[in-house]
$ cat start.pdb   # PDB, C-alpha atoms
ATOM      1  CA  MET A   1      96.835  92.520  57.316
ATOM      2  CA  SER A   2      99.171  94.770  55.322
ATOM      3  CA  VAL A   3     102.170  96.427  56.924
ATOM      4  CA  ARG A   4     100.615  99.827  56.213
ATOM      5  CA  ARG A   5      97.436  98.893  58.027
ATOM      6  CA  GLN A   6      99.428  97.487  60.955
ATOM      7  CA  PHE A   7     101.489 100.681  61.136
ATOM      8  CA  LEU A   8      98.340 102.825  61.077
ATOM      9  CA  ARG A   9      96.827 100.802  63.915
ATOM     10  CA  PHE A  10     100.149 100.921  65.775
ATOM     11  CA  ALA A  11     100.224 104.711  65.329
ATOM     12  CA  ILE A  12      96.646 105.037  66.623
ATOM     13  CA  ALA A  13      97.613 102.960  69.675
ATOM     14  CA  GLY A  14     100.594 105.299  70.013
ATOM     15  CA  ILE A  15      98.310 108.327  70.049
ATOM     16  CA  VAL A  16      96.244 106.748  72.820
ATOM     17  CA  GLY A  17      99.477 105.914  74.643
ATOM     18  CA  PHE A  18     100.660 109.491  74.181
ATOM     19  CA  VAL A  19      97.473 110.835  75.790
ATOM     20  CA  VAL A  20      97.826 108.375  78.690
ATOM     21  CA  ASP A  21     101.525 109.261  79.045
ATOM     22  CA  VAL A  22     100.811 112.994  79.227
ATOM     23  CA  ILE A  23      97.872 112.677  81.634
ATOM     24  CA  VAL A  24      99.785 110.385  83.988
ATOM     25  CA  LEU A  25     102.849 112.645  83.817
ATOM     26  CA  TYR A  26     100.838 115.758  84.713
ATOM     27  CA  VAL A  27      99.179 113.894  87.606
ATOM     28  CA  LEU A  28     102.566 112.724  88.891
ATOM     29  CA  LEU A  29     104.061 116.205  88.533
ATOM     30  CA  GLY A  30     101.103 117.527  90.524
ATOM     31  CA  LEU A  31     101.862 114.962  93.214
ATOM     32  CA  GLY A  32     105.424 116.248  93.490
ATOM     33  CA  LEU A  33     107.425 113.894  91.275
ATOM     34  CA  GLY A  34     110.003 115.480  89.004
ATOM     35  CA  TYR A  35     110.097 115.615  85.221
ATOM     36  CA  TYR A  36     112.378 112.583  84.971
ATOM     37  CA  SER A  37     111.044 110.186  87.621
ATOM     38  CA  GLY A  38     107.479 111.069  86.660
ATOM     39  CA  ARG A  39     108.248 110.291  83.043
ATOM     40  CA  VAL A  40     109.608 106.846  83.844
ATOM     41  CA  LEU A  41     106.338 105.949  85.555
ATOM     42  CA  SER A  42     104.139 107.573  82.908
ATOM     43  CA  PHE A  43     106.075 105.698  80.195
ATOM     44  CA  LEU A  44     105.391 102.371  81.919
ATOM     45  CA  VAL A  45     101.656 103.089  82.137
ATOM     46  CA  ALA A  46     101.584 104.196  78.486
ATOM     47  CA  ALA A  47     103.548 101.121  77.373
ATOM     48  CA  PHE A  48     101.071  98.835  79.147
ATOM     49  CA  THR A  49      98.182 100.675  77.484
ATOM     50  CA  THR A  50      99.673 100.442  73.977
ATOM     51  CA  TRP A  51     100.530  96.764  74.469
ATOM     52  CA  GLN A  52      96.888  96.023  75.262
ATOM     53  CA  ILE A  53      95.710  97.898  72.159
ATOM     54  CA  ASN A  54      98.388  96.524  69.830
ATOM     55  CA  ARG A  55      97.901  92.901  70.849
ATOM     56  CA  ARG A  56      94.176  93.207  70.096
ATOM     57  CA  HIS A  57      94.230  95.364  66.964
ATOM     58  CA  ALA A  58      97.554  95.918  65.192
ATOM     59  CA  PHE A  59      99.023  92.454  65.784
ATOM     60  CA  ALA A  60      95.985  90.372  66.793
ATOM     61  CA  ALA A  61      96.845  87.488  64.439
ATOM     62  CA  GLN A  62     100.334  87.338  65.913
ATOM     63  CA  ALA A  63      99.611  87.836  69.621
ATOM     64  CA  ASP A  64     101.091  85.288  72.000
ATOM     65  CA  GLU A  65      98.754  83.354  74.274
ATOM     66  CA  ARG A  66     101.362  83.628  77.043
ATOM     67  CA  ARG A  67     100.506  87.198  77.933
ATOM     68  CA  PHE A  68     102.993  87.815  80.735
ATOM     69  CA  ARG A  69     105.900  86.665  78.565
ATOM     70  CA  GLU A  70     104.605  88.769  75.679
ATOM     71  CA  TRP A  71     104.252  91.792  78.007
ATOM     72  CA  LEU A  72     107.880  91.410  79.113
ATOM     73  CA  ARG A  73     109.064  91.191  75.476
ATOM     74  CA  TYR A  74     106.917  94.208  74.603
ATOM     75  CA  LEU A  75     108.261  96.219  77.528
ATOM     76  CA  LEU A  76     111.844  95.317  76.603
ATOM     77  CA  ALA A  77     111.223  96.168  72.946
ATOM     78  CA  MET A  78     109.512  99.460  73.761
ATOM     79  CA  SER A  79     112.387 100.289  76.080
ATOM     80  CA  ALA A  80     114.730 100.389  73.073
ATOM     81  CA  GLY A  81     112.575 103.071  71.452
ATOM     82  CA  GLY A  82     111.904 104.376  74.953
ATOM     83  CA  ILE A  83     115.574 105.204  75.457
ATOM     84  CA  LEU A  84     115.523 107.340  72.317
ATOM     85  CA  ASN A  85     112.173 108.757  73.429
ATOM     86  CA  TYR A  86     113.550 109.599  76.899
ATOM     87  CA  LEU A  87     116.712 111.217  75.514
ATOM     88  CA  VAL A  88     114.683 113.492  73.237
ATOM     89  CA  TYR A  89     112.246 114.197  76.096
ATOM     90  CA  GLY A  90     115.172 115.161  78.365
ATOM     91  CA  GLY A  91     116.658 117.383  75.673
ATOM     92  CA  VAL A  92     113.393 119.271  75.297
ATOM     93  CA  VAL A  93     113.043 119.627  79.084
ATOM     94  CA  VAL A  94     116.559 121.101  79.282
ATOM     95  CA  LEU A  95     116.411 123.308  76.184
ATOM     96  CA  ALA A  96     112.819 124.525  75.930
ATOM     97  CA  PRO A  97     111.399 127.334  78.044
ATOM     98  CA  HIS A  98     109.699 125.994  81.161
ATOM     99  CA  GLY A  99     105.965 126.472  81.333
ATOM    100  CA  PRO A 100     102.733 124.538  81.581
ATOM    101  CA  TRP A 101     103.123 123.105  78.054
ATOM    102  CA  LEU A 102     106.662 121.795  78.534
ATOM    103  CA  PRO A 103     105.724 118.227  79.580
ATOM    104  CA  LEU A 104     103.287 117.906  76.677
ATOM    105  CA  LEU A 105     105.806 119.138  74.108
ATOM    106  CA  ALA A 106     108.613 117.015  75.543
ATOM    107  CA  VAL A 107     106.496 113.828  75.551
ATOM    108  CA  ALA A 108     105.344 114.548  71.977
ATOM    109  CA  ALA A 109     108.892 115.035  70.697
ATOM    110  CA  GLY A 110     110.077 111.882  72.430
ATOM    111  CA  SER A 111     107.138 109.837  71.169
ATOM    112  CA  ILE A 112     107.742 110.825  67.575
ATOM    113  CA  ALA A 113     111.435 109.975  67.916
ATOM    114  CA  GLY A 114     110.722 106.449  69.176
ATOM    115  CA  LEU A 115     107.814 105.564  66.859
ATOM    116  CA  ALA A 116     109.677 103.776  64.036
ATOM    117  CA  ALA A 117     111.990 101.833  66.348
ATOM    118  CA  ASN A 118     109.036 100.718  68.457
ATOM    119  CA  PHE A 119     106.987  99.584  65.449
ATOM    120  CA  LEU A 120     109.834  97.541  64.002
ATOM    121  CA  THR A 121     110.648  95.797  67.276
ATOM    122  CA  ALA A 122     106.959  95.095  67.927
ATOM    123  CA  LYS A 123     106.368  93.680  64.453
ATOM    124  CA  PHE A 124     109.503  91.619  64.047
ATOM    125  CA  TRP A 125     110.223  90.527  67.618
ATOM    126  CA  VAL A 126     107.306  90.830  70.050
ATOM    127  CA  PHE A 127     104.490  89.748  67.737
ATOM    128  CA  LYS A 128     106.478  87.651  65.250
ATOM    129  CA  GLY A 129     105.076  84.324  66.458
ATOM    130  CA  LYS A 130     102.099  83.673  64.209
ATOM    131  CA  THR A 131     102.318  85.281  60.806
ATOM    132  CA  ALA A 132      99.547  83.372  59.046
ATOM    133  CA  GLY A 133      97.024  85.808  57.678
ATOM    134  CA  THR A 134      99.518  88.655  57.470
ATOM    135  CA  ARG A 135      99.610  89.927  53.916
ATOM    136  CA  GLN A 136     102.414  92.031  52.530
ATOM    137  CA  PRO A 137     101.417  95.029  50.369
TER
END
$ encode --input "start.pdb" --output "structure tokens"
Amino acid sequence: MSVRRQFLRFAIAGIVGFVVDVIVLYVLLGLGLGYYSGRVLSFLVAAFTTWQINRRHAFAAQADERRFREWLRYLLAMSAGGILNYLVYGGVVVLAPHGPWLPLLAVAAGSIAGLAANFLTAKFWVFKGKTAGTRQP
């Protein structure tokens, strides 16, 4: 699979993860969690969701049979981009006017900021194992 095709599939998984992230965050905010603690939990749920999609679609030929170990690598790798994501999210929460759309806008800005870092760490570290069948453009 070409790098472009992998990135497109990774981005689609990211969109699904974004939707999950936002829904979980709004639910947690409704339950009384704050913007920051709620986001940590919503990020973890979104990361698990994107890992499941990416291991089956974007990096299927490279997925590790040892799922728990792969999940831990994925979570660690996504945390690198997640730190950038969280910093941008926090900046939007602090700087943007508060309203019902604030969590959505903050998650979107953070997600875009972490996208490239997350793709590179997923491709070259988490799912690097089996590269047979991966074609470069």
$ resolve_selection --input "start.pdb" --expression "the PyMOL selection byres ((chain A and resi 66-83) around 6)" --output "MDAnalysis selection string"
chainID A and resid 64:65 84:86 114 117:118 121 126
$ closest_residue --input "start.pdb" --among "A:Phe127, A:Leu102, A:Val16, A:Ala122" --to "Leu29 (chain A)" --atoms "all atoms listed in the file"
A:Leu102
$ resolve_selection --input "start.pdb" --expression "the PyMOL selection byres ((chain A and resi 53) around 10)" --output "list in words"
Arg9, Phe10, Ile12, Ala13, Gly14, Val16, Gly17, Ala47, Phe48, Thr49, Thr50, Trp51, Gln52, Asn54, Arg55, Arg56, His57, Ala58, Phe59 and Ala60 of chain A
$ closest_residue --input "start.pdb" --among "A:Ala61, A:Leu28, A:Leu33, A:Ala113" --to "Val45 (chain A)" --atoms "all atoms listed in the file"
A:Leu28
$ closest_residue --input "start.pdb" --among "A:Phe18, A:Tyr26, A:Trp125, A:Phe7" --to "Ala46 (chain A)" --atoms "only C-alpha atoms"
A:Phe18
$ closest_residue --input "start.pdb" --among "A:Lys123, A:Tyr35, A:Gly110, A:Val40" --to "His98 (chain A)" --atoms "all atoms listed in the file"
A:Tyr35
$ atom_distance --input "start.pdb" --atom1 "CA of Arg5 (chain A)" --atom2 "CA of Val22 (chain A)"
25.7 Å
$ atom_distance --input "start.pdb" --atom1 "CA of Val107 (chain A)" --atom2 "CA of Asp21 (chain A)"
7.6 Å
$ atom_distance --input "start.pdb" --atom1 "CA of Ala106 (chain A)" --atom2 "CA of Gly90 (chain A)"
7.4 Å
$ build_atoms --input "start.pdb" --residues "region 53-77 of chain A" --atoms "N, CA, C and O atoms" --output "mmCIF file, keeping the file's coordinate frame"
data_model
loop_
_atom_site.group_PDB
_atom_site.id
_atom_site.type_symbol
_atom_site.label_atom_id
_atom_site.label_comp_id
_atom_site.auth_asym_id
_atom_site.auth_seq_id
_atom_site.Cartn_x
_atom_site.Cartn_y
_atom_site.Cartn_z
ATOM 1 N N ILE A 53 96.349 97.522 73.431
ATOM 2 C CA ILE A 53 95.710 97.898 72.159
ATOM 3 C C ILE A 53 96.363 97.166 70.994
ATOM 4 O O ILE A 53 95.674 96.604 70.134
ATOM 5 N N ASN A 54 97.686 97.156 70.945
ATOM 6 C CA ASN A 54 98.388 96.524 69.830
ATOM 7 C C ASN A 54 98.153 95.022 69.755
ATOM 8 O O ASN A 54 98.012 94.468 68.666
ATOM 9 N N ARG A 55 98.097 94.356 70.881
ATOM 10 C CA ARG A 55 97.901 92.901 70.849
ATOM 11 C C ARG A 55 96.492 92.546 70.377
ATOM 12 O O ARG A 55 96.250 91.461 69.892
ATOM 13 N N ARG A 56 95.557 93.475 70.528
ATOM 14 C CA ARG A 56 94.176 93.207 70.096
ATOM 15 C C ARG A 56 93.878 93.708 68.687
ATOM 16 O O ARG A 56 92.978 93.189 68.033
ATOM 17 N N HIS A 57 94.594 94.737 68.233
ATOM 18 C CA HIS A 57 94.230 95.364 66.964
ATOM 19 C C HIS A 57 95.339 95.327 65.921
ATOM 20 O O HIS A 57 95.107 94.838 64.819
ATOM 21 N N ALA A 58 96.503 95.847 66.213
ATOM 22 C CA ALA A 58 97.554 95.918 65.192
ATOM 23 C C ALA A 58 98.169 94.549 64.912
ATOM 24 O O ALA A 58 98.486 94.230 63.770
ATOM 25 N N PHE A 59 98.337 93.739 65.941
ATOM 26 C CA PHE A 59 99.023 92.454 65.784
ATOM 27 C C PHE A 59 98.193 91.294 66.328
ATOM 28 O O PHE A 59 98.727 90.315 66.831
ATOM 29 N N ALA A 60 96.869 91.383 66.201
ATOM 30 C CA ALA A 60 95.985 90.372 66.793
ATOM 31 C C ALA A 60 96.289 88.970 66.283
ATOM 32 O O ALA A 60 96.282 88.012 67.059
ATOM 33 N N ALA A 61 96.578 88.813 65.005
ATOM 34 C CA ALA A 61 96.845 87.488 64.439
ATOM 35 C C ALA A 61 98.158 86.916 64.939
ATOM 36 O O ALA A 61 98.395 85.722 64.836
ATOM 37 N N GLN A 62 99.008 87.773 65.498
ATOM 38 C CA GLN A 62 100.334 87.338 65.913
ATOM 39 C C GLN A 62 100.506 87.345 67.431
ATOM 40 O O GLN A 62 101.577 87.015 67.921
ATOM 41 N N ALA A 63 99.484 87.719 68.172
ATOM 42 C CA ALA A 63 99.611 87.836 69.621
ATOM 43 C C ALA A 63 99.898 86.473 70.241
ATOM 44 O O ALA A 63 99.411 85.443 69.795
ATOM 45 N N ASP A 64 100.692 86.489 71.278
ATOM 46 C CA ASP A 64 101.091 85.288 72.000
ATOM 47 C C ASP A 64 100.059 84.986 73.086
ATOM 48 O O ASP A 64 99.603 85.889 73.772
ATOM 49 N N GLU A 65 99.707 83.724 73.236
ATOM 50 C CA GLU A 65 98.754 83.354 74.274
ATOM 51 C C GLU A 65 99.357 83.513 75.666
ATOM 52 O O GLU A 65 98.655 83.623 76.652
ATOM 53 N N ARG A 66 100.677 83.472 75.749
ATOM 54 C CA ARG A 66 101.362 83.628 77.043
ATOM 55 C C ARG A 66 101.556 85.123 77.281
ATOM 56 O O ARG A 66 102.594 85.691 76.984
ATOM 57 N N ARG A 67 100.559 85.746 77.833
ATOM 58 C CA ARG A 67 100.506 87.198 77.933
ATOM 59 C C ARG A 67 101.632 87.807 78.749
ATOM 60 O O ARG A 67 102.189 88.822 78.362
ATOM 61 N N PHE A 68 101.950 87.217 79.898
ATOM 62 C CA PHE A 68 102.993 87.815 80.735
ATOM 63 C C PHE A 68 104.324 87.823 80.006
ATOM 64 O O PHE A 68 105.033 88.824 80.016
ATOM 65 N N ARG A 69 104.644 86.733 79.345
ATOM 66 C CA ARG A 69 105.900 86.665 78.565
ATOM 67 C C ARG A 69 105.882 87.691 77.423
ATOM 68 O O ARG A 69 106.867 88.363 77.168
ATOM 69 N N GLU A 70 104.742 87.787 76.754
ATOM 70 C CA GLU A 70 104.605 88.769 75.679
ATOM 71 C C GLU A 70 104.755 90.188 76.225
ATOM 72 O O GLU A 70 105.413 91.030 75.616
ATOM 73 N N TRP A 71 104.141 90.471 77.393
ATOM 74 C CA TRP A 71 104.252 91.792 78.007
ATOM 75 C C TRP A 71 105.714 92.120 78.303
ATOM 76 O O TRP A 71 106.174 93.224 78.052
ATOM 77 N N LEU A 72 106.459 91.162 78.827
ATOM 78 C CA LEU A 72 107.880 91.410 79.113
ATOM 79 C C LEU A 72 108.663 91.684 77.834
ATOM 80 O O LEU A 72 109.499 92.599 77.807
ATOM 81 N N ARG A 73 108.403 90.929 76.772
ATOM 82 C CA ARG A 73 109.064 91.191 75.476
ATOM 83 C C ARG A 73 108.673 92.579 74.965
ATOM 84 O O ARG A 73 109.511 93.325 74.473
ATOM 85 N N TYR A 74 107.396 92.901 75.071
ATOM 86 C CA TYR A 74 106.917 94.208 74.603
ATOM 87 C C TYR A 74 107.589 95.332 75.384
ATOM 88 O O TYR A 74 108.071 96.300 74.799
ATOM 89 N N LEU A 75 107.639 95.198 76.697
ATOM 90 C CA LEU A 75 108.261 96.219 77.528
ATOM 91 C C LEU A 75 109.744 96.369 77.182
ATOM 92 O O LEU A 75 110.248 97.492 77.054
ATOM 93 N N LEU A 76 110.432 95.264 76.991
ATOM 94 C CA LEU A 76 111.844 95.317 76.603
ATOM 95 C C LEU A 76 111.996 95.981 75.239
ATOM 96 O O LEU A 76 112.849 96.850 75.051
ATOM 97 N N ALA A 77 111.160 95.591 74.290
ATOM 98 C CA ALA A 77 111.223 96.168 72.946
ATOM 99 C C ALA A 77 110.907 97.662 72.960
ATOM 100 O O ALA A 77 111.592 98.458 72.320
#
